[in-house]
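J.: Got a file for you: target-v3.txt, compact mmCIF, C-alpha atoms.
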# COMPACT_ATOMS: atom_id res chain seq x y z
CA MET A 1346 9.69 29.55 -3.92
CA PRO A 1347 9.09 25.77 -4.12
CA THR A 1348 9.69 23.82 -0.91
CA ARG A 1349 11.86 20.71 -1.28
CA VAL A 1350 11.40 18.09 1.44
CA ARG A 1351 13.54 15.01 1.97
CA SER A 1352 11.14 12.10 2.19
CA TYR A 1353 13.01 9.60 4.36
CA SER A 1354 12.51 5.84 4.49
CA LYS A 1355 11.93 3.43 7.38
CA ILE A 1356 12.68 -0.10 8.48
CA ASN A 1357 10.92 -2.26 11.07
CA LEU A 1358 12.98 -3.41 14.03
CA GLY A 1359 10.67 -6.29 14.86
CA LEU A 1360 7.06 -6.70 13.75
CA ALA A 1361 4.42 -8.83 15.48
CA ILE A 1362 1.12 -9.60 13.76
CA GLY A 1363 -2.08 -9.78 15.79
CA PRO A 1364 -5.57 -10.97 14.92
CA ALA A 1365 -7.75 -9.47 12.22
CA ARG A 1366 -9.96 -6.71 13.64
CA ALA A 1367 -13.59 -5.84 12.93
CA ASP A 1368 -12.44 -3.20 10.40
CA GLY A 1369 -10.54 -5.85 8.43
CA PHE A 1370 -7.07 -4.68 9.51
CA HIS A 1371 -4.70 -6.75 11.66
CA GLY A 1372 -3.37 -5.53 14.98
CA LEU A 1373 0.38 -4.89 14.89
CA THR A 1374 3.23 -4.06 17.21
CA THR A 1375 6.41 -2.76 15.60
CA LEU A 1376 9.39 -0.51 16.20
CA TYR A 1377 9.90 1.78 13.23
CA GLN A 1378 13.30 3.35 12.58
CA THR A 1379 13.88 6.10 10.01
CA LEU A 1380 16.82 5.93 7.58
CA GLU A 1381 18.84 8.49 5.62
CA LEU A 1382 17.76 6.97 2.27
CA HIS A 1383 15.15 9.29 0.81
CA ASP A 1384 13.04 10.56 -2.07
CA VAL A 1385 12.59 14.31 -2.58
CA VAL A 1386 9.10 15.82 -2.65
CA THR A 1387 8.84 19.36 -4.01
CA VAL A 1388 5.69 21.35 -3.26
CA THR A 1389 4.67 24.64 -4.86
CA ALA A 1390 1.46 26.25 -3.60
CA ARG A 1391 -0.36 29.57 -3.85
CA ARG A 1392 -3.62 30.57 -2.23
CA LEU A 1393 -6.72 31.16 -4.33
CA GLU A 1394 -9.80 33.21 -3.62
CA ALA A 1395 -11.93 31.67 -0.89
CA GLU A 1396 -14.77 30.75 -3.26
CA ALA A 1397 -12.42 29.10 -5.78
CA ALA A 1398 -11.83 25.34 -6.04
CA SER A 1399 -8.39 23.97 -5.27
CA VAL A 1400 -6.31 22.77 -8.21
CA LEU A 1401 -3.82 19.90 -7.74
CA THR A 1402 -1.22 18.58 -10.19
CA LEU A 1403 1.41 15.91 -9.58
CA GLU A 1404 4.36 14.51 -11.52
CA SER A 1405 7.23 12.12 -10.88
CA ASN A 1406 10.38 10.84 -12.53
CA HIS A 1407 9.20 7.25 -11.92
CA PRO A 1408 6.67 5.73 -14.36
CA LYS A 1409 5.06 3.53 -11.67
CA VAL A 1410 4.16 6.46 -9.40
CA PRO A 1411 0.48 7.39 -9.90
CA THR A 1412 -0.06 11.05 -10.73
CA ASP A 1413 -3.76 11.27 -9.96
CA ALA A 1414 -6.05 11.21 -6.93
CA THR A 1415 -4.92 7.68 -6.02
CA ASN A 1416 -1.48 9.00 -5.00
CA THR A 1417 -0.95 9.35 -1.24
CA CYS A 1418 0.51 12.86 -1.69
CA TRP A 1419 -2.58 13.96 -3.61
CA LYS A 1420 -4.88 12.56 -0.92
CA MET A 1421 -2.87 14.23 1.82
CA VAL A 1422 -2.83 17.68 0.23
CA GLU A 1423 -6.49 17.53 -0.81
CA ARG A 1424 -7.68 16.62 2.68
CA CYS A 1425 -5.31 19.02 4.39
CA LEU A 1426 -6.65 21.96 2.37
CA VAL A 1427 -10.20 21.02 3.40
CA ARG A 1428 -9.19 20.89 7.07
CA MET A 1429 -7.44 24.25 6.77
CA GLY A 1430 -10.41 25.78 4.96
CA VAL A 1431 -8.05 27.00 2.25
CA ALA A 1432 -8.33 26.96 -1.54
CA ALA A 1433 -4.97 26.70 -3.30
CA GLU A 1434 -3.22 25.79 -6.52
CA VAL A 1435 -0.71 23.08 -5.61
CA HIS A 1436 1.91 21.32 -7.70
CA ILE A 1437 3.80 18.30 -6.33
CA HIS A 1438 6.88 16.68 -7.84
CA ILE A 1439 8.18 13.35 -6.49
CA GLN A 1440 11.83 12.58 -7.20
CA LYS A 1441 11.67 8.82 -6.65
CA ASN A 1442 14.91 7.24 -5.45
CA LEU A 1443 13.39 4.54 -3.22
CA PRO A 1444 11.77 1.33 -4.51
CA VAL A 1445 8.02 1.52 -5.08
CA GLN A 1446 6.08 -0.76 -2.69
CA GLY A 1447 9.30 -2.20 -1.27
CA GLY A 1448 8.52 -2.23 2.46
CA LEU A 1449 10.47 0.98 3.19
CA GLY A 1450 7.39 3.19 3.59
CA ALA A 1451 8.28 5.34 0.59
CA GLY A 1452 4.73 6.22 -0.47
CA SER A 1453 3.75 6.97 3.13
CA ALA A 1454 6.83 9.13 3.63
CA ASN A 1455 5.98 11.01 0.42
CA ALA A 1456 2.55 11.85 1.85
CA ALA A 1457 4.04 13.17 5.10
CA ALA A 1458 6.60 15.21 3.14
CA ALA A 1459 3.83 16.68 0.99
CA LEU A 1460 1.99 17.80 4.15
CA ILE A 1461 5.12 19.38 5.60
CA GLY A 1462 5.89 21.12 2.31
CA LEU A 1463 2.32 22.41 1.94
CA GLU A 1464 2.29 23.85 5.45
CA ARG A 1465 5.51 25.74 4.78
CA GLU A 1466 4.28 26.99 1.40
CA LEU A 1467 1.03 28.32 2.88
CA ASN A 1468 2.64 29.45 6.15
CA GLN A 1469 -0.15 27.65 7.98
CA SER A 1470 -0.05 24.44 9.99
CA LEU A 1471 -2.52 21.99 11.40
CA ALA A 1472 -2.42 21.27 15.13
CA GLY A 1473 -0.12 18.37 16.03
CA SER A 1474 -2.89 15.95 16.97
CA GLU A 1475 -4.87 16.87 13.84
CA ARG A 1476 -1.82 16.21 11.66
CA LEU A 1477 -1.49 12.71 13.11
CA GLU A 1478 -5.21 12.07 12.71
CA LEU A 1479 -5.06 13.12 9.06
CA ALA A 1480 -1.92 11.05 8.47
CA ALA A 1481 -3.65 7.93 9.86
CA GLU A 1482 -6.51 8.47 7.39
CA ILE A 1483 -4.05 8.36 4.49
CA GLY A 1484 -2.18 5.19 5.50
CA SER A 1485 -0.97 3.10 8.41
CA ASP A 1486 2.71 4.04 7.99
CA VAL A 1487 2.19 7.78 7.40
CA PRO A 1488 2.04 8.99 11.05
CA LEU A 1489 5.51 7.64 11.90
CA PHE A 1490 7.03 10.10 9.43
CA LEU A 1491 5.56 13.00 11.41
CA LEU A 1492 7.71 11.85 14.37
CA GLY A 1493 10.91 10.37 12.93
CA GLY A 1494 13.65 8.45 14.72
CA ALA A 1495 12.65 5.34 16.69
CA VAL A 1496 8.84 5.08 16.81
CA LEU A 1497 6.60 2.49 18.44
CA GLY A 1498 3.70 1.55 16.16
CA LEU A 1499 0.52 -0.04 17.55
CA GLY A 1500 -3.03 -0.59 16.28
CA ARG A 1501 -2.59 -1.23 12.55
CA GLY A 1502 0.72 0.67 12.83
CA GLU A 1503 -0.85 4.14 12.76
CA GLU A 1504 -0.94 4.62 16.54
CA VAL A 1505 2.56 6.00 17.08
CA TYR A 1506 4.68 6.91 20.10
CA PRO A 1507 8.21 8.39 20.00
CA MET A 1508 10.76 6.08 21.61
CA PRO A 1509 14.22 6.93 22.97
CA ASP A 1510 16.50 7.22 19.97
CA LEU A 1511 18.93 4.53 18.94
CA PRO A 1512 22.43 5.81 18.12
CA GLU A 1513 23.20 6.42 14.44
CA THR A 1514 24.04 2.99 13.01
CA TRP A 1515 25.36 1.80 9.64
CA CYS A 1516 22.76 0.01 7.56
CA VAL A 1517 22.60 -1.92 4.30
CA VAL A 1518 19.23 -1.91 2.54
CA VAL A 1519 18.60 -4.48 -0.17
CA ALA A 1520 15.85 -3.88 -2.73
CA PRO A 1521 15.18 -7.02 -4.78
CA PRO A 1522 13.08 -6.92 -7.96
CA VAL A 1523 10.49 -9.14 -6.28
CA GLY A 1524 6.90 -8.12 -5.60
CA VAL A 1525 5.34 -9.04 -2.27
CA SER A 1526 1.60 -8.51 -1.83
CA THR A 1527 0.92 -7.29 1.71
CA PRO A 1528 -2.76 -8.39 1.67
CA GLN A 1529 -1.70 -11.84 0.48
CA ALA A 1530 0.98 -12.02 3.19
CA PHE A 1531 -1.69 -11.31 5.81
CA ARG A 1532 -3.95 -13.97 4.29
CA ASP A 1533 -1.09 -16.49 4.35
CA TRP A 1534 -0.40 -15.62 7.99
CA ASP A 1535 -4.05 -16.15 8.91
CA ALA A 1536 -4.14 -19.47 7.06
CA LEU A 1537 -1.08 -20.63 8.98
CA HIS A 1538 -2.10 -19.43 12.43
CA THR A 1539 -5.90 -19.47 12.62
CA LEU A 1540 -7.30 -22.54 14.35
CA PRO A 1541 -9.82 -24.52 12.29
CA PRO A 1542 -13.36 -24.86 13.67
CA GLY A 1543 -13.56 -27.41 16.48
CA PRO A 1544 -10.72 -29.11 18.34
CA ALA A 1545 -7.95 -30.98 16.58
CA PRO A 1546 -8.38 -34.75 16.66
CA GLY A 1547 -7.69 -36.13 20.11
CA LEU A 1548 -7.57 -32.70 21.80
CA SER A 1549 -10.17 -30.69 23.68
CA MET A 1550 -10.89 -27.07 22.75
CA ALA A 1551 -8.97 -25.98 25.87
CA ALA A 1552 -5.96 -28.08 24.89
CA ASN A 1553 -5.98 -26.59 21.40
CA ALA A 1554 -5.98 -23.09 22.85
CA LEU A 1555 -3.03 -23.93 25.07
CA THR A 1556 -0.92 -25.55 22.36
CA LYS A 1557 -1.15 -22.67 19.88
CA PRO A 1558 -0.11 -19.14 20.97
CA SER A 1559 -2.72 -16.49 20.25
CA HIS A 1560 -2.07 -13.52 17.97
CA SER A 1561 -2.50 -11.15 20.90
CA ASP A 1562 0.32 -12.92 22.74
CA ARG A 1563 2.70 -12.02 19.91
CA LEU A 1564 1.79 -8.32 20.27
CA LYS A 1565 2.35 -8.42 24.02
CA GLU A 1566 5.68 -10.22 23.66
CA LEU A 1567 7.16 -7.59 21.37
CA SER A 1568 5.71 -4.72 23.41
CA ARG A 1569 7.34 -6.12 26.56
CA ALA A 1570 10.65 -6.62 24.74
CA LEU A 1571 10.75 -3.02 23.55
CA ALA A 1572 9.72 -1.67 26.95
CA SER A 1573 12.37 -3.73 28.75
CA VAL A 1574 15.17 -2.36 26.59
CA CYS A 1575 14.04 1.23 27.12
CA ALA A 1576 14.06 0.72 30.89
CA GLU A 1577 17.30 -1.27 31.31
CA PRO A 1578 19.14 -0.42 34.56
CA GLY A 1579 21.56 2.43 34.09
CA THR A 1580 19.91 3.87 31.02
CA SER A 1581 17.48 6.25 32.75
CA GLY A 1582 14.95 5.28 30.11
CA VAL A 1583 17.17 6.30 27.18
CA PHE A 1584 19.62 4.41 25.02
CA SER A 1585 22.82 5.68 26.63
CA VAL A 1586 25.07 4.63 29.46
CA VAL A 1587 27.72 6.69 31.27
CA ASN A 1588 31.37 5.77 30.66
CA GLN A 1589 30.73 3.67 27.55
CA THR A 1590 32.79 4.11 24.39
CA ALA A 1591 31.27 5.34 21.16
CA GLU A 1592 31.47 1.79 19.77
CA ASP A 1593 29.59 0.45 22.81
CA LEU A 1594 26.87 3.06 22.40
CA ALA A 1595 26.42 2.07 18.77
CA GLU A 1596 25.89 -1.60 19.52
CA ASP A 1597 24.50 -2.17 23.01
CA PRO A 1598 20.90 -1.02 22.40
CA LEU A 1599 20.64 -3.10 19.24
CA LEU A 1600 22.22 -6.11 20.90
CA ALA A 1601 19.81 -5.69 23.80
CA LEU A 1602 16.91 -5.73 21.35
CA VAL A 1603 18.30 -8.77 19.56
CA ARG A 1604 18.62 -10.60 22.88
CA THR A 1605 14.89 -10.15 23.43
CA GLY A 1606 14.31 -12.28 20.34
CA ILE A 1607 12.69 -9.63 18.15
CA GLU A 1608 11.75 -10.80 14.67
CA ASN A 1609 9.46 -9.94 11.79
CA ASP A 1610 6.45 -12.29 11.69
CA PHE A 1611 6.05 -11.73 7.94
CA GLU A 1612 9.25 -13.71 7.32
CA GLU A 1613 7.39 -16.87 8.30
CA VAL A 1614 5.08 -16.61 5.29
CA VAL A 1615 7.07 -14.46 2.85
CA PHE A 1616 10.30 -16.48 2.81
CA PRO A 1617 8.65 -19.77 1.76
CA GLN A 1618 6.99 -17.92 -1.14
CA HIS A 1619 10.21 -16.09 -2.10
CA PRO A 1620 13.29 -18.20 -1.19
CA SER A 1621 15.63 -15.60 -2.69
CA LEU A 1622 14.68 -13.23 0.14
CA ARG A 1623 15.74 -15.78 2.74
CA GLU A 1624 19.08 -16.08 0.92
CA ILE A 1625 19.55 -12.30 0.96
CA LYS A 1626 18.97 -12.24 4.71
CA ARG A 1627 21.59 -14.97 5.12
CA LEU A 1628 24.06 -12.85 3.14
CA LEU A 1629 23.27 -9.78 5.24
CA VAL A 1630 23.77 -11.71 8.48
CA GLY A 1631 27.17 -12.91 7.26
CA SER A 1632 27.45 -15.76 9.74
CA GLU A 1633 30.01 -17.74 7.75
CA SER A 1634 33.51 -18.06 9.20
CA GLY A 1635 35.57 -14.93 8.64
CA GLN A 1636 32.66 -12.72 7.59
CA SER A 1637 31.55 -9.65 9.52
CA GLU A 1638 28.22 -10.30 11.18
CA ALA A 1639 25.21 -8.00 11.29
CA LEU A 1640 23.96 -6.72 14.63
CA TYR A 1641 20.51 -7.51 13.26
CA ALA A 1642 19.04 -8.34 9.85
CA ALA A 1643 15.42 -8.75 8.81
CA LEU A 1644 12.69 -8.19 6.28
CA SER A 1645 11.27 -4.66 6.43
CA GLY A 1646 7.49 -4.62 6.72
CA SER A 1647 6.08 -7.30 4.43
CA GLY A 1648 9.01 -6.80 2.05
CA SER A 1649 10.45 -7.17 -0.36
CA ALA A 1650 13.19 -4.91 1.03
CA LEU A 1651 15.56 -6.34 3.65
CA PHE A 1652 18.16 -4.65 5.82
CA GLY A 1653 21.13 -5.33 8.04
CA LEU A 1654 22.60 -3.13 10.80
CA TYR A 1655 26.37 -3.07 11.38
CA ARG A 1656 29.00 -1.83 13.83
CA SER A 1657 31.04 0.00 11.17
CA ARG A 1658 31.02 1.16 7.58
CA VAL A 1659 33.62 -1.51 6.82
CA ASP A 1660 31.22 -4.21 7.99
CA ALA A 1661 28.40 -2.63 5.99
CA GLU A 1662 30.54 -2.52 2.84
CA ALA A 1663 31.46 -6.19 3.30
CA ALA A 1664 27.77 -7.08 3.55
CA GLN A 1665 26.95 -5.02 0.48
CA GLN A 1666 29.61 -6.88 -1.50
CA ARG A 1667 28.27 -10.24 -0.35
CA VAL A 1668 24.85 -9.35 -1.72
CA VAL A 1669 25.83 -7.76 -5.04
CA GLY A 1670 28.40 -10.49 -5.73
CA SER A 1671 26.03 -13.37 -5.06
CA ALA A 1672 24.64 -14.08 -8.54
CA ALA A 1673 25.73 -17.71 -8.26
CA THR A 1674 23.80 -18.21 -5.03
CA GLY A 1675 20.35 -17.71 -6.54
CA THR A 1676 19.79 -14.11 -5.45
CA GLU A 1677 17.52 -12.34 -7.94
CA PRO A 1678 19.33 -10.50 -10.77
CA GLY A 1679 18.92 -6.73 -10.54
CA THR A 1680 18.99 -6.66 -6.75
CA GLY A 1681 20.24 -3.32 -5.42
CA ALA A 1682 22.13 -2.97 -2.13
CA PHE A 1683 22.56 0.48 -0.61
CA ILE A 1684 24.67 1.67 2.31
CA THR A 1685 22.99 4.22 4.56
CA LYS A 1686 22.56 5.06 8.26
CA THR A 1687 19.72 5.12 10.73
CA LEU A 1688 18.41 8.63 11.30
CA PRO A 1689 17.71 9.67 14.93
CA ARG A 1690 14.87 12.13 15.54
CA PRO A 1691 16.92 15.36 15.92
CA ALA A 1692 18.81 14.70 12.68
CA TYR A 1693 15.56 13.72 10.94
CA TRP A 1694 14.03 17.16 11.50
CA ARG A 1695 17.27 19.11 11.18
CA SER A 1696 17.88 17.78 7.67
CA MET A 1697 14.24 17.60 6.50
CA PHE A 1698 14.32 20.55 4.08
CA ALA A 1699 16.53 20.08 1.03
Please render this file's structure as structure tokens.

T.:
Amino acid sequence: MPTRVRSYSKINLGLAIGPARADGFHGLTTLYQTLELHDVVTVTARRLEAEAASVLTLESNHPKVPTDATNTCWKMVERCLVRMGVAAEVHIHIQKNLPVQGGLGAGSANAAAALIGLERELNQSLAGSERLELAAEIGSDVPLFLLGGAVLGLGRGEEVYPMPDLPETWCVVVAPPVGVSTPQAFRDWDALHTLPPGPAPGLSMAANALTKPSHSDRLKELSRALASVCAEPGTSGVFSVVNQTAEDLAEDPLLALVRTGIENDFEEVVFPQHPSLREIKRLLVGSESGQSEALYAALSGSGSALFGLYRSRVDAEAAQQRVVGSAATGTEPGTGAFITKTLPRPAYWRSMFA
């Protein structure tokens, strides 16, 4: 029987960009959070004779999804079979509901779902640490989907650690028909923040270093902010407090994070290039008189998707209407706005198989 796996999406609750490393990647600190919005990856597999070569086929309902060896699912399954020492005939179908390359981790989530589906089909699993190692080979965002819930991402984002779960929270995800190049966003960030050779006119090298924060400082700032919220007095290291109402539990952790000043560094370079994205964030925040405000709103990853988190479904619906009804404000035509919820770790795994 084919195995159908819900391939969930993610957002970034804060993202700090560090310096470029020797391998060409930038250091990052981010807090991933999985969402209920998902694709569906269906895997069918049967073992072949040991001396046979594995056969992979892939199809999708979306014309922009590659169906060859460049697809993350294909790479994941191919390398997993080698690690398992198994030859198999595998067919993968990707029911694409999420935007392609939209900052929601859809392609990475598809790869993780393909691994989970393959393991169930073959009734054989890799060791936990080996799964994460393989996931990191496929892509920086892939390992988080082998944890789910709230996940701290370090390194280039592939070094992941499960965090205490945030309560389930209403969310509006906006997917504009705007393409954002992640490599270009990194280049723009470097151009904006890298000091030119030699001191600026009138300043010593030491003065230049003091007047411009280093990339590594940004990583430390966000890491400290996340750690401080997890260890707030009375929480026992988890996002819950005795004698609080359900409404309090839904907002306090997020408000605590917001108070630390978390933000997505990519907004600094992406918004000037795409002013419509800045306008969408303004609509999600809803700061105008009489409008329900978001607990937090930001770009997800390098974009182009944005999101807002809200106290209630009513607030989320109001934000959705602000976005879809904003044609006169300059928001890109064809922008989609979807109401969903954050997905804590237990629910993530409980509802994984469709």

J.: With distances taken over all atoms listed in the file, which residue among A:Leu1499, A:Val1505, A:Val1427, A:Val1400 lies nearest Lys1565 of chain A?

T.: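 Ranked by minimum distance to Lys1565 of chain A, first place goes to A:Leu1499.
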
J.: Which residue out of A:Gln1378, A:Ser1352, A:Ser1637, A:Thr1527 has the minimum interatomic distance to Met1508 of chain A when all atoms listed in the file are used?

T.: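 Of A:Gln1378, A:Ser1352, A:Ser1637, A:Thr1527, the one nearest Met1508 of chain A, counting all atoms listed in the file, is A:Gln1378.
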
J.: Which is closest to Val1386 of chain A among A:Ile1461, A:Ala1365, A:Leu1401, A:Val1445, if we use all atoms listed in the file?

T.: A:Ile1461

J.: Report the distance between atom CA of Leu1644 of chain A and atom CA of Leu1460 of chain A in Å, rounded to one decimal place.

T.: 28.2 Å

J.: Take atom CA of Thr1348 of chain A and atom CA of Val1388 of chain A and report the distance between them in Å, one decimal.

T.: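 Answer for the atom CA of Thr1348 of chain A to atom CA of Val1388 of chain A separation: 5.3 Å.
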
J.: Residues within 10 Å of Gln1665 of chain A, please, as a ChimeraX atom specification. Count only C-alpha atoms; anything in the same chain fewer than 5 positions from it doesn't count.

T.: /A:1516-1519,1628-1629,1653,1659-1660,1670,1681-1684

J.: What does the file look like for those residues with C-alpha atoms, as an mmCIF file, in the frame of the given file?

T.:
data_model
loop_
_atom_site.group_PDB
_atom_site.id
_atom_site.type_symbol
_atom_site.label_atom_id
_atom_site.label_comp_id
_atom_site.auth_asym_id
_atom_site.auth_seq_id
_atom_site.Cartn_x
_atom_site.Cartn_y
_atom_site.Cartn_z
ATOM 1 C CA CYS A 1516 22.760 0.010 7.560
ATOM 2 C CA VAL A 1517 22.600 -1.920 4.300
ATOM 3 C CA VAL A 1518 19.230 -1.910 2.540
ATOM 4 C CA VAL A 1519 18.600 -4.480 -0.170
ATOM 5 C CA LEU A 1628 24.060 -12.850 3.140
ATOM 6 C CA LEU A 1629 23.270 -9.780 5.240
ATOM 7 C CA GLY A 1653 21.130 -5.330 8.040
ATOM 8 C CA VAL A 1659 33.620 -1.510 6.820
ATOM 9 C CA ASP A 1660 31.220 -4.210 7.990
ATOM 10 C CA GLY A 1670 28.400 -10.490 -5.730
ATOM 11 C CA GLY A 1681 20.240 -3.320 -5.420
ATOM 12 C CA ALA A 1682 22.130 -2.970 -2.130
ATOM 13 C CA PHE A 1683 22.560 0.480 -0.610
ATOM 14 C CA ILE A 1684 24.670 1.670 2.310
#

J.: So the first atom is atom CA of His1438 of chain A and the second is atom CA of Gly1484 of chain A; what is the distance between them in Å, to one decimal place?

T.: 19.8 Å

J.: Could you pull the residues within 12 Å of Pro1444 of chain A, counting all atoms listed in the file, minus those fewer than 2 positions along the same chain, as a PyMOL selection string?

T.: chain A and resi 1354+1382-1384+1407-1410+1440-1442+1446-1452+1518-1524+1648-1651+1680-1683

J.: Rank nothing, just name the residue among A:Ala1495, A:Leu1358, A:Val1422, A:Ala1642 nearest to Ala1570 of chain A, using only C-alpha atoms.

T.: A:Leu1358

J.: Using only C-alpha atoms, which of A:Val1630, A:Ala1601, A:Ile1362, A:Leu1622 sits nearest Asp1535 of chain A?

T.: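 Ranked by minimum distance to Asp1535 of chain A, first place goes to A:Ile1362.
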
J.: For each of A:Lys1355, A:His1619, A:Arg1695, A:His1371, take the minimum atom-to-atom distance to Val1525 of chain A, counting only C-alpha atoms, then give the residue where this is smallest.

T.: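 The shortest atom-to-atom distance to Val1525 of chain A comes from A:His1619.
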